[in-house]
$ cat data.txt   # compact mmCIF, C-alpha atoms
# COMPACT_ATOMS: atom_id res chain seq x y z
CA MET A 1 0.00 0.00 0.00
CA ASN A 2 1.65 3.15 -1.19
CA LEU A 3 0.65 5.72 1.43
CA PHE A 4 3.80 7.77 0.98
CA ALA A 5 3.73 8.97 -2.62
CA ARG A 6 5.69 12.11 -3.34
CA PRO A 7 4.06 15.48 -2.55
CA ALA A 8 3.76 16.35 -6.25
CA ARG A 9 1.10 13.64 -6.53
CA LEU A 10 -1.13 14.84 -3.71
CA ASP A 11 -3.95 15.82 -6.06
CA GLN A 12 -3.60 13.02 -8.59
CA ALA A 13 -6.81 11.52 -9.93
CA PRO A 14 -7.84 7.97 -9.01
CA PRO A 15 -6.40 5.28 -11.29
CA ALA A 16 -8.49 4.37 -14.32
CA ALA A 17 -9.00 0.82 -13.02
CA LEU A 18 -10.44 2.18 -9.77
CA ILE A 19 -12.81 4.50 -11.63
CA ARG A 20 -13.93 1.61 -13.82
CA MET A 21 -14.59 -0.70 -10.88
CA ARG A 22 -16.45 2.06 -9.03
CA ALA A 23 -18.68 2.55 -12.07
CA ILE A 24 -19.30 -1.21 -12.31
CA ALA A 25 -20.26 -1.45 -8.61
CA THR A 26 -22.59 1.55 -8.86
CA GLY A 27 -24.06 0.36 -12.15
CA LEU A 28 -24.75 -3.05 -10.64
CA LEU A 29 -26.61 -1.43 -7.75
CA PHE A 30 -28.78 0.66 -10.08
CA GLY A 31 -29.25 -2.37 -12.31
CA MET A 32 -30.63 -4.34 -9.37
CA ALA A 33 -33.03 -1.47 -8.68
CA LEU A 34 -34.34 -1.59 -12.27
CA VAL A 35 -34.63 -5.39 -12.12
CA TYR A 36 -36.55 -5.12 -8.85
CA LEU A 37 -39.05 -2.65 -10.32
CA ALA A 38 -39.54 -4.77 -13.43
CA ALA A 39 -39.91 -8.05 -11.51
CA ARG A 40 -42.36 -6.49 -9.08
CA ASN A 41 -44.63 -5.44 -11.93
CA LEU A 42 -44.35 -8.83 -13.65
CA GLU A 43 -44.71 -10.97 -10.52
CA GLY A 44 -48.52 -10.94 -10.86
CA VAL A 45 -48.25 -12.24 -14.41
CA GLN A 46 -45.71 -14.96 -13.70
CA PRO A 47 -45.01 -16.10 -10.08
CA ALA A 48 -41.47 -17.11 -11.10
CA PHE A 49 -40.62 -13.42 -11.22
CA GLY A 50 -40.97 -13.51 -7.42
CA PHE A 51 -37.57 -15.17 -7.25
CA VAL A 52 -36.11 -12.40 -9.43
CA ARG A 53 -37.75 -9.74 -7.26
CA ALA A 54 -36.46 -11.33 -4.06
CA PHE A 55 -32.94 -11.57 -5.49
CA ALA A 56 -32.93 -7.98 -6.73
CA GLU A 57 -34.47 -6.61 -3.53
CA ALA A 58 -31.94 -8.29 -1.27
CA ALA A 59 -29.13 -7.39 -3.69
CA MET A 60 -30.10 -3.70 -3.39
CA VAL A 61 -30.03 -3.97 0.40
CA GLY A 62 -26.65 -5.70 0.38
CA GLY A 63 -25.22 -3.30 -2.18
CA LEU A 64 -26.49 -0.23 -0.32
CA ALA A 65 -25.17 -1.55 2.99
CA ASP A 66 -21.71 -2.18 1.58
CA TRP A 67 -21.76 1.14 -0.31
CA PHE A 68 -22.52 2.87 3.00
CA ALA A 69 -19.78 0.93 4.81
CA VAL A 70 -17.15 1.64 2.17
CA THR A 71 -18.12 5.29 1.81
CA ALA A 72 -18.23 5.81 5.58
CA LEU A 73 -14.53 4.90 5.76
CA PHE A 74 -13.54 7.90 3.66
CA ARG A 75 -16.32 10.50 3.75
CA HIS A 76 -19.83 11.30 4.93
CA PRO A 77 -22.35 9.35 2.79
CA LEU A 78 -24.31 11.83 0.66
CA GLY A 79 -22.58 14.60 2.60
CA LEU A 80 -24.68 13.90 5.70
CA PRO A 81 -22.77 14.22 9.02
CA ILE A 82 -23.84 10.80 10.22
CA PRO A 83 -22.01 9.69 13.42
CA HIS A 84 -19.09 7.31 12.94
CA THR A 85 -18.64 8.13 9.25
CA ALA A 86 -15.64 9.73 7.46
CA ILE A 87 -13.59 7.55 9.78
CA ILE A 88 -10.18 7.92 8.10
CA PRO A 89 -10.24 11.75 7.69
CA ARG A 90 -11.46 12.24 11.27
CA ASN A 91 -8.80 9.96 12.68
CA LYS A 92 -5.86 10.75 10.39
CA ASP A 93 -3.67 11.97 13.26
CA ARG A 94 -4.37 8.82 15.25
CA ILE A 95 -3.70 6.70 12.15
CA GLY A 96 -0.36 8.42 11.70
CA ASP A 97 0.53 7.90 15.37
CA ASN A 98 -0.54 4.25 15.26
CA LEU A 99 1.41 3.61 12.06
CA ALA A 100 4.46 5.25 13.59
CA ALA A 101 4.02 3.18 16.77
CA PHE A 102 3.69 0.04 14.64
CA LEU A 103 6.96 0.83 12.87
CA ARG A 104 8.69 1.57 16.15
CA ASP A 105 7.45 -1.53 18.00
CA ASN A 106 7.90 -4.01 15.15
CA PHE A 107 10.78 -2.69 13.07
CA LEU A 108 12.82 0.03 14.78
CA VAL A 109 13.56 -1.48 18.20
CA PRO A 110 17.26 -2.47 18.25
CA GLY A 111 16.50 -5.87 19.78
CA VAL A 112 13.83 -6.62 17.19
CA VAL A 113 16.10 -5.44 14.37
CA ALA A 114 18.94 -7.62 15.65
CA ARG A 115 16.71 -10.74 15.84
CA ARG A 116 15.29 -10.18 12.36
CA MET A 117 18.67 -9.41 10.82
CA ARG A 118 20.25 -12.58 12.25
CA ARG A 119 17.87 -14.65 10.11
CA LEU A 120 18.69 -12.76 6.92
CA ASP A 121 21.49 -13.52 4.49
CA LEU A 122 21.37 -10.26 2.58
CA ALA A 123 24.80 -10.74 1.04
CA SER A 124 23.78 -14.02 -0.65
CA SER A 125 20.52 -12.53 -1.91
CA ALA A 126 22.32 -9.46 -3.22
CA GLY A 127 24.96 -11.65 -4.86
CA ARG A 128 22.38 -13.78 -6.66
CA TRP A 129 20.49 -10.73 -7.88
CA LEU A 130 23.62 -8.87 -9.00
CA ALA A 131 25.01 -11.89 -10.79
CA SER A 132 21.72 -12.64 -12.55
CA PRO A 133 19.46 -9.57 -12.43
CA SER A 134 17.14 -10.89 -15.14
CA GLY A 135 16.29 -14.01 -13.18
CA GLY A 136 13.58 -14.37 -10.58
CA ASP A 137 10.17 -12.76 -10.48
CA GLY A 138 10.15 -9.71 -12.75
CA ARG A 139 7.03 -8.36 -11.12
CA LEU A 140 8.65 -8.58 -7.70
CA ARG A 141 11.73 -6.77 -9.03
CA ARG A 142 9.64 -4.04 -10.64
CA GLY A 143 7.49 -3.73 -7.54
CA ALA A 144 10.54 -3.42 -5.31
CA SER A 145 11.96 -0.77 -7.63
CA ARG A 146 8.73 1.25 -7.52
CA LEU A 147 8.57 0.89 -3.75
CA ALA A 148 12.16 2.08 -3.39
CA ALA A 149 11.47 5.08 -5.62
CA ASP A 150 8.29 5.96 -3.73
CA LEU A 151 10.05 5.73 -0.37
CA LEU A 152 12.90 7.94 -1.58
CA GLU A 153 10.39 10.55 -2.77
CA ALA A 154 7.96 10.22 0.11
CA PHE A 155 9.47 12.01 3.05
CA ASP A 156 10.54 15.56 3.70
CA GLN A 157 13.81 15.64 1.78
CA LYS A 158 15.20 18.49 3.85
CA ARG A 159 14.75 16.55 7.08
CA LEU A 160 15.83 13.25 5.58
CA GLY A 161 18.90 14.89 4.04
CA GLY A 162 19.63 16.45 7.43
CA MET A 163 19.51 13.02 9.05
CA VAL A 164 21.89 11.60 6.45
CA LYS A 165 24.24 14.57 6.81
CA ALA A 166 24.14 14.29 10.60
CA THR A 167 24.95 10.58 10.38
CA ILE A 168 27.93 11.18 8.11
CA GLY A 169 29.12 14.07 10.28
CA GLN A 170 28.85 12.01 13.44
CA ARG A 171 30.81 9.14 11.90
CA LEU A 172 33.51 11.56 10.71
CA ARG A 173 33.74 13.15 14.16
CA THR A 174 34.24 9.81 15.89
CA LEU A 175 36.77 8.62 13.30
CA ASP A 176 40.37 8.73 14.57
CA ILE A 177 41.74 9.84 11.25
CA ALA A 178 45.41 10.57 12.05
CA PRO A 179 46.52 6.94 12.56
CA LEU A 180 44.63 5.91 9.42
CA LEU A 181 46.42 8.57 7.39
CA GLY A 182 49.74 7.51 8.89
CA GLN A 183 49.16 3.83 8.09
CA ALA A 184 48.08 4.66 4.55
CA LEU A 185 51.14 6.83 4.00
CA GLU A 186 53.46 4.21 5.48
CA ALA A 187 51.98 1.51 3.23
CA ALA A 188 52.30 3.77 0.20
CA ILE A 189 55.97 4.49 0.97
CA ALA A 190 56.71 0.77 1.49
CA LYS A 191 55.42 -0.02 -2.02
CA ASP A 192 56.79 3.16 -3.68
CA ARG A 193 53.25 4.39 -4.33
CA HIS A 194 54.25 7.81 -3.06
CA LEU A 195 56.62 8.35 -5.97
CA PRO A 196 53.95 9.58 -8.44
CA LEU A 197 52.87 12.10 -5.80
CA LEU A 198 56.44 13.22 -5.23
CA ASN A 199 57.06 13.50 -8.97
CA GLY A 200 53.87 15.48 -9.33
CA ILE A 201 55.01 17.90 -6.63
CA VAL A 202 58.34 18.41 -8.38
CA ARG A 203 56.61 19.07 -11.72
CA TRP A 204 54.16 21.43 -10.04
CA ALA A 205 57.07 23.32 -8.46
CA GLY A 206 58.73 23.65 -11.86
CA ARG A 207 55.55 25.03 -13.46
CA THR A 208 55.05 27.41 -10.56
CA LEU A 209 58.63 28.67 -10.85
CA SER A 210 58.20 29.30 -14.59
CA ALA A 211 54.94 31.17 -14.04
CA ASN A 212 56.40 33.40 -11.30
CA GLU A 213 59.87 34.32 -12.56
CA HIS A 214 58.84 37.98 -12.59
CA LEU A 215 58.21 37.86 -8.83
CA ILE A 216 61.73 36.57 -8.17
CA ARG A 217 63.24 39.24 -10.44
CA ALA A 218 61.23 41.96 -8.70
CA MET A 219 62.26 40.64 -5.25
CA VAL A 220 65.97 40.65 -6.17
CA HIS A 221 65.67 44.09 -7.75
CA GLU A 222 64.04 45.57 -4.62
CA ARG A 223 66.63 44.11 -2.27
CA ALA A 224 69.69 44.87 -4.40
CA GLY A 225 71.73 48.00 -3.73
CA SER A 226 71.73 50.99 -6.05
CA ILE A 227 75.17 50.03 -7.46
CA MET A 228 73.95 46.54 -8.38
CA ARG A 229 70.84 47.98 -10.01
CA TRP A 230 72.91 50.62 -11.86
CA THR A 231 75.33 48.00 -13.19
CA GLY A 232 72.58 45.49 -14.00
CA LEU A 233 74.01 42.88 -11.62
CA ASP A 234 70.60 42.47 -10.00
CA GLU A 235 69.23 41.08 -13.26
CA THR A 236 72.21 38.75 -13.57
CA LEU A 237 71.73 37.55 -9.97
CA ALA A 238 68.03 36.96 -10.54
CA ASN A 239 68.78 34.93 -13.67
CA LYS A 240 71.33 32.83 -11.75
CA ILE A 241 68.81 32.15 -8.95
CA ILE A 242 66.07 31.18 -11.39
CA ASP A 243 68.41 29.01 -13.47
CA GLY A 244 69.73 27.31 -10.32
CA LEU A 245 66.24 26.54 -9.00
CA ASP A 246 65.13 25.33 -12.41
CA GLN A 247 68.17 23.07 -12.76
CA MET A 248 67.64 21.70 -9.23
CA LEU A 249 64.02 20.80 -9.99
CA ALA A 250 65.04 19.20 -13.29
CA ASP A 251 67.68 17.12 -11.51
CA MET A 252 65.13 16.04 -8.89
CA ALA A 253 62.71 15.00 -11.60
CA GLU A 254 65.32 12.95 -13.50
CA ASP A 255 67.38 11.49 -10.64
CA PRO A 256 65.50 9.18 -8.21
CA GLY A 257 68.51 9.28 -5.88
CA HIS A 258 68.71 13.07 -5.67
CA PRO A 259 69.61 14.20 -2.09
CA LEU A 260 66.60 16.51 -1.87
CA ARG A 261 64.30 13.68 -2.91
CA ALA A 262 65.85 11.58 -0.17
CA LYS A 263 65.16 14.39 2.30
CA ALA A 264 61.58 14.61 1.09
CA GLU A 265 61.10 10.87 1.50
CA GLU A 266 62.64 11.05 4.96
CA GLY A 267 60.18 13.80 5.83
CA LEU A 268 57.25 11.72 4.54
CA ALA A 269 58.39 8.72 6.59
CA LYS A 270 58.61 10.90 9.72
CA LEU A 271 55.15 12.31 9.00
CA ALA A 272 53.74 8.77 8.70
CA PHE A 273 55.29 7.86 12.05
CA ASP A 274 54.08 11.04 13.79
CA LEU A 275 50.55 10.57 12.48
CA GLN A 276 50.45 7.14 14.12
CA PHE A 277 52.30 7.71 17.36
CA ASP A 278 52.86 11.42 18.09
CA ALA A 279 50.09 12.83 20.32
CA PRO A 280 50.62 16.53 19.44
CA MET A 281 50.50 15.72 15.72
CA GLN A 282 47.36 13.64 16.19
CA LEU A 283 45.75 16.50 18.13
CA ARG A 284 46.56 18.97 15.34
CA ILE A 285 45.03 16.63 12.75
CA GLU A 286 41.94 16.13 14.92
CA LEU A 287 41.42 19.88 15.33
CA LEU A 288 41.91 20.35 11.59
CA LYS A 289 39.37 17.59 10.90
CA LEU A 290 36.77 19.19 13.16
CA GLU A 291 37.38 22.58 11.59
CA ILE A 292 36.86 21.12 8.12
CA ILE A 293 33.66 19.32 9.16
CA ASP A 294 32.19 22.50 10.67
CA ASN A 295 33.13 24.58 7.66
CA PRO A 296 30.00 25.75 5.74
CA ALA A 297 31.57 24.65 2.49
CA MET A 298 31.89 21.11 3.85
CA GLN A 299 28.26 21.15 4.99
CA ASN A 300 27.18 22.30 1.54
CA TRP A 301 29.26 19.53 -0.01
CA LEU A 302 27.54 16.95 2.22
CA ASP A 303 24.16 18.33 1.13
CA GLY A 304 25.17 18.00 -2.49
CA LEU A 305 26.55 14.51 -1.87
CA TRP A 306 23.20 13.36 -0.46
CA GLU A 307 21.23 14.93 -3.30
CA SER A 308 23.51 13.35 -5.91
CA ALA A 309 23.21 9.95 -4.23
CA ARG A 310 19.42 10.29 -3.94
CA HIS A 311 19.00 11.21 -7.60
CA ALA A 312 21.28 8.34 -8.65
CA MET A 313 19.27 5.88 -6.52
CA LEU A 314 16.03 7.25 -7.98
CA ARG A 315 17.31 6.77 -11.54
CA ILE A 316 18.28 3.18 -10.82
CA ALA A 317 15.03 2.48 -8.92
CA ARG A 318 12.87 3.87 -11.73
CA ASP A 319 14.75 1.98 -14.43
CA PRO A 320 16.90 -0.77 -12.85
CA ASP A 321 17.72 -2.35 -16.22
CA ALA A 322 19.08 0.91 -17.66
CA GLY A 323 21.06 1.53 -14.49
CA ARG A 324 22.91 -1.73 -14.98
CA GLN A 325 24.21 -1.07 -18.50
CA GLY A 326 27.84 -0.60 -19.47
CA LYS A 327 30.85 -0.81 -17.17
CA LEU A 328 28.74 -0.29 -14.06
CA GLY A 329 26.62 -3.32 -14.92
CA GLU A 330 29.72 -5.44 -15.52
CA ALA A 331 31.22 -4.35 -12.21
CA LEU A 332 27.99 -5.11 -10.35
CA GLN A 333 27.74 -8.54 -11.98
CA GLN A 334 31.32 -9.32 -11.01
CA LEU A 335 30.56 -8.20 -7.45
CA GLY A 336 27.57 -10.56 -7.39
CA THR A 337 29.71 -13.50 -8.51
CA THR A 338 32.30 -12.69 -5.86
CA LEU A 339 29.62 -12.55 -3.16
CA GLN A 340 28.36 -15.96 -4.18
CA ASP A 341 31.83 -17.54 -4.12
CA ASP A 342 33.39 -15.88 -1.06
CA ALA A 343 31.81 -17.06 2.22
CA ARG A 344 34.05 -14.86 4.37
CA LEU A 345 33.08 -11.77 2.40
CA ARG A 346 29.38 -12.64 2.76
CA ALA A 347 29.78 -13.08 6.51
CA THR A 348 31.60 -9.75 6.78
CA ILE A 349 28.94 -7.89 4.80
CA ASN A 350 26.08 -9.49 6.72
CA ARG A 351 27.73 -8.57 10.01
CA PHE A 352 28.27 -5.01 8.85
CA VAL A 353 24.66 -4.69 7.65
CA ARG A 354 23.34 -6.07 10.95
CA ARG A 355 25.41 -3.63 12.98
CA ALA A 356 24.47 -0.72 10.72
CA ALA A 357 20.76 -1.58 10.93
CA VAL A 358 20.85 -1.96 14.71
CA GLY A 359 22.84 1.25 15.08
CA THR A 360 20.44 3.14 12.82
CA ALA A 361 17.44 1.86 14.77
CA ALA A 362 19.06 2.88 18.06
CA ASP A 363 20.21 6.32 16.90
CA TYR A 364 17.44 7.37 14.54
CA GLY A 365 14.46 5.10 15.25
CA ASP A 366 12.61 7.84 17.14
CA SER A 367 13.38 10.39 14.42
CA ILE A 368 12.03 8.07 11.71
CA VAL A 369 8.89 7.42 13.76
CA ARG A 370 8.33 11.14 14.23
CA LEU A 371 8.93 11.72 10.53
CA VAL A 372 6.19 9.23 9.61
CA SER A 373 3.75 10.63 12.17
CA GLU A 374 4.37 14.27 11.29
CA THR A 375 4.17 13.56 7.54
CA ILE A 376 0.69 12.07 7.92
CA ARG A 377 -0.38 14.82 10.32
CA ALA A 378 0.65 17.40 7.71
CA TRP A 379 -1.73 15.92 5.14
CA ASP A 380 -5.22 17.37 4.97
CA ALA A 381 -8.31 15.18 5.16
CA ASN A 382 -8.81 15.05 1.38
CA THR A 383 -5.20 14.07 0.79
CA ILE A 384 -5.18 11.09 3.15
CA THR A 385 -8.62 10.03 1.85
CA ARG A 386 -7.37 9.95 -1.74
CA ARG A 387 -4.11 8.25 -0.83
CA VAL A 388 -5.67 5.43 1.17
CA GLU A 389 -8.56 4.94 -1.25
CA ASN A 390 -6.23 4.85 -4.26
CA ALA A 391 -3.82 2.56 -2.44
CA VAL A 392 -6.50 0.00 -1.55
CA GLY A 393 -7.80 0.39 -5.09
CA ARG A 394 -10.31 -1.96 -6.69
CA ASP A 395 -10.74 -4.19 -3.65
CA LEU A 396 -13.10 -1.66 -2.07
CA GLN A 397 -15.34 -1.81 -5.11
CA PHE A 398 -15.21 -5.60 -5.13
CA ILE A 399 -16.60 -5.42 -1.59
CA ARG A 400 -19.60 -3.53 -2.96
CA ILE A 401 -20.01 -5.97 -5.85
CA ASN A 402 -19.71 -8.98 -3.56
CA GLY A 403 -22.21 -7.44 -1.14
CA THR A 404 -24.71 -6.96 -3.95
CA ILE A 405 -24.35 -10.54 -5.20
CA VAL A 406 -24.26 -12.17 -1.75
CA GLY A 407 -27.24 -10.09 -0.63
CA GLY A 408 -29.18 -11.23 -3.69
CA LEU A 409 -28.38 -14.89 -3.04
CA VAL A 410 -29.44 -14.56 0.60
CA GLY A 411 -32.72 -12.95 -0.52
CA LEU A 412 -33.24 -15.78 -2.99
CA VAL A 413 -32.72 -18.38 -0.24
CA ILE A 414 -35.08 -16.58 2.14
CA HIS A 415 -37.78 -16.32 -0.56
CA SER A 416 -37.42 -20.03 -1.32
CA VAL A 417 -37.72 -20.93 2.37
CA ASP A 418 -40.84 -18.75 2.68
CA LEU A 419 -42.46 -20.60 -0.24
CA LEU A 420 -41.59 -23.96 1.27
CA LEU A 421 -43.04 -23.02 4.64

$ encode --input "data.txt" --output "structure tokens"
Amino acid sequence: MNLFARPARLDQAPPAALIRMRAIATGLLFGMALVYLAARNLEGVQPAFGFVRAFAEAAMVGGLADWFAVTALFRHPLGLPIPHTAIIPRNKDRIGDNLAAFLRDNFLVPGVVARRMRRLDLASSAGRWLASPSGGDGRLRRGASRLAADLLEAFDQKRLGGMVKATIGQRLRTLDIAPLLGQALEAAIAKDRHLPLLNGIVRWAGRTLSANEHLIRAMVHERAGSIMRWTGLDETLANKIIDGLDQMLADMAEDPGHPLRAKAEEGLAKLAFDLQFDAPMQLRIELLKLEIIDNPAMQNWLDGLWESARHAMLRIARDPDAGRQGKLGEALQQLGTTLQDDARLRATINRFVRRAAVGTAADYGDSIVRLVSETIRAWDANTITRRVENAVGRDLQFIRINGTIVGGLVGLVIHSVDLLL
């Protein structure tokens, strides 16, 4: 039942199938009324029409009763303020609270989440689907895609984005990043993976020197004495400095054993050590990390990251087959095969998913519950009426049709019993 369609669809018309079934149910009711009137007039001519009259009469009663019951769920029948009608609009706030409580008690309690997640092997299921996305029940796949898209569009994106941003920010704040950086740098140095970075720095320094020669010449000219400027020695000195720096950078780029490169590598090795074991260095990195996280530019980047991820998920959810084309599809298929073959990887992923789900329920369960409740409370009576009625769909009209037919059969039985008695 899709109660959480996106706000842009608040005023959408009922589906064509629902309109058609509503017309059939109403037409059947009026048809029974016409049959009743005709059979009543003909009953004196042919007693057999008494059975038709009894059927039609009881069918009208059953159809009217079920029409009243169905209508009373969503609105006042015929606009009359009859007590205990328009049940859903009058109780929308309570419905929202009860739905939120249902989610909290059955899905968002950490203990419940942990028990449910222990029985799930999500990694195996994901592996099978990724490795063979065309297999299985296509309707189930399409239904899951539509459900995922509807859920992504359903809630207040500002609040949901804020929750995602807060989660990322909290994880970044608790992350001890300095040792991780130190270990990564140490591993890179051990396998010479830092050399492209070092070469890039040398090339960057060379390009920077070439682009700023005029600054060096101006600096030498300003600091040189009047005699040096008068004789032009300041220009010669500036040329020597620039040529020397340029030659030094060229030597560093060509000679892996250059002394300055060795000094640079020594400095990188010391930095890797300090990041892992030096408390003052770790404190400086931690303060820098917190400053970056609190920076408005970083917050804007997190907002953009969430929006980009949401739009990408929506594109894939709306058209999962298109989202799996090309290199991405090949990579996902390879990931699915790996998940099927690697038991340790499956166990690791399942454990991570369980912990993430339990942690999310513990940290944000109440926020999700409030989001559901407040979303429904924000809807007006007409909105929730349309949403629930459209979500239930044709089944409501089948109730009316069944009531008409069952009522007619009961009337036929009662008429037969009366004749027998």

$ closest_residue --input "data.txt" --among "A:Ala123, A:Leu197, A:Ala362, A:Leu371" --to "Leu99 (chain A)" --atoms "all atoms listed in the file"
A:Leu371

$ atom_distance --input "data.txt" --atom1 "CA of Ile216 (chain A)" --atom2 "CA of Leu237 (chain A)"
10.2 Å

$ residues_around --input "data.txt" --residues "region 372-376 of chain A" --least-positions-apart "2" --cutoff "7 Å" --atoms "all atoms listed in the file" --output "number ranges by chain"
A: 93, 96-97, 100, 368-370, 378-379

$ closest_residue --input "data.txt" --among "A:Thr338, A:Asn199, A:Thr167, A:Gln299" --to "Asp251 (chain A)" --atoms "all atoms listed in the file"
A:Asn199

$ axis_aligned_box --input "data.txt" --around "region 48-65 of chain A" --padding-each-side "5 Å" --output "lines of an AutoDock Vina configuration file"
center_x = -33.3
center_y = -8.7
center_z = -4.1
size_x = 26.3
size_y = 26.9
size_z = 24.2

$ atom_distance --input "data.txt" --atom1 "CA of Asp395 (chain A)" --atom2 "CA of Tyr36 (chain A)"
26.3 Å

$ closest_residue --input "data.txt" --among "A:Ile241, A:Ala356, A:Ala188, A:Leu275" --to "Glu213 (chain A)" --atoms "only C-alpha atoms"
A:Ile241

$ residues_around --input "data.txt" --residues "Pro77 (chain A)" --least-positions-apart "3" --cutoff "12 Å" --atoms "all atoms listed in the file" --output "list in words"
Leu64, Ala65, Asp66, Trp67, Phe68, Ala69, Val70, Thr71, Ala72, Leu73, Phe74, Leu80, Pro81, Ile82, Pro83, His84, Thr85, Ala86 and Ile87 of chain A

$ residues_around --input "data.txt" --residues "Ile189 (chain A)" --least-positions-apart "2" --cutoff "12 Å" --atoms "only C-alpha atoms" --output "short mmCIF file (atom, residue, chain, number, x, y, z; two decimals) with C-alpha atoms, in the coordinates of the input"
data_model
loop_
_atom_site.label_atom_id
_atom_site.label_comp_id
_atom_site.auth_asym_id
_atom_site.auth_seq_id
_atom_site.Cartn_x
_atom_site.Cartn_y
_atom_site.Cartn_z
CA GLY A 182 49.74 7.51 8.89
CA GLN A 183 49.16 3.83 8.09
CA ALA A 184 48.08 4.66 4.55
CA LEU A 185 51.14 6.83 4.00
CA GLU A 186 53.46 4.21 5.48
CA ALA A 187 51.98 1.51 3.23
CA LYS A 191 55.42 -0.02 -2.02
CA ASP A 192 56.79 3.16 -3.68
CA ARG A 193 53.25 4.39 -4.33
CA HIS A 194 54.25 7.81 -3.06
CA LEU A 195 56.62 8.35 -5.97
CA PRO A 196 53.95 9.58 -8.44
CA LEU A 197 52.87 12.10 -5.80
CA LEU A 198 56.44 13.22 -5.23
CA ALA A 264 61.58 14.61 1.09
CA GLU A 265 61.10 10.87 1.50
CA GLU A 266 62.64 11.05 4.96
CA GLY A 267 60.18 13.80 5.83
CA LEU A 268 57.25 11.72 4.54
CA ALA A 269 58.39 8.72 6.59
CA LYS A 270 58.61 10.90 9.72
CA LEU A 271 55.15 12.31 9.00
CA ALA A 272 53.74 8.77 8.70
CA PHE A 273 55.29 7.86 12.05
#

$ atom_distance --input "data.txt" --atom1 "CA of Gly232 (chain A)" --atom2 "CA of His214 (chain A)"
15.7 Å

$ closest_residue --input "data.txt" --among "A:Glu330, A:Ala178, A:Ala205, A:Leu42" --to "Ala250 (chain A)" --atoms "all atoms listed in the file"
A:Ala205

$ residues_around --input "data.txt" --residues "Val113 (chain A)" --least-positions-apart "4" --cutoff "12 Å" --atoms "all atoms listed in the file" --output "PyMOL selection string"
chain A and resi 103-109+117-120+353-362+365

$ closest_residue --input "data.txt" --among "A:Met219, A:Leu175, A:Val202, A:Leu290" --to "Leu249 (chain A)" --atoms "only C-alpha atoms"
A:Val202

$ residues_around --input "data.txt" --residues "Gly407 (chain A)" --least-positions-apart "2" --cutoff "7 Å" --atoms "all atoms listed in the file" --output "list in words"
Ala58, Ala59, Val61, Gly62, Gly403, Thr404, Ile405, Leu409, Val410 and Gly411 of chain A

$ closest_residue --input "data.txt" --among "A:Val164, A:Leu287, A:Leu339, A:Ile384" --to "Asp303 (chain A)" --atoms "all atoms listed in the file"
A:Val164
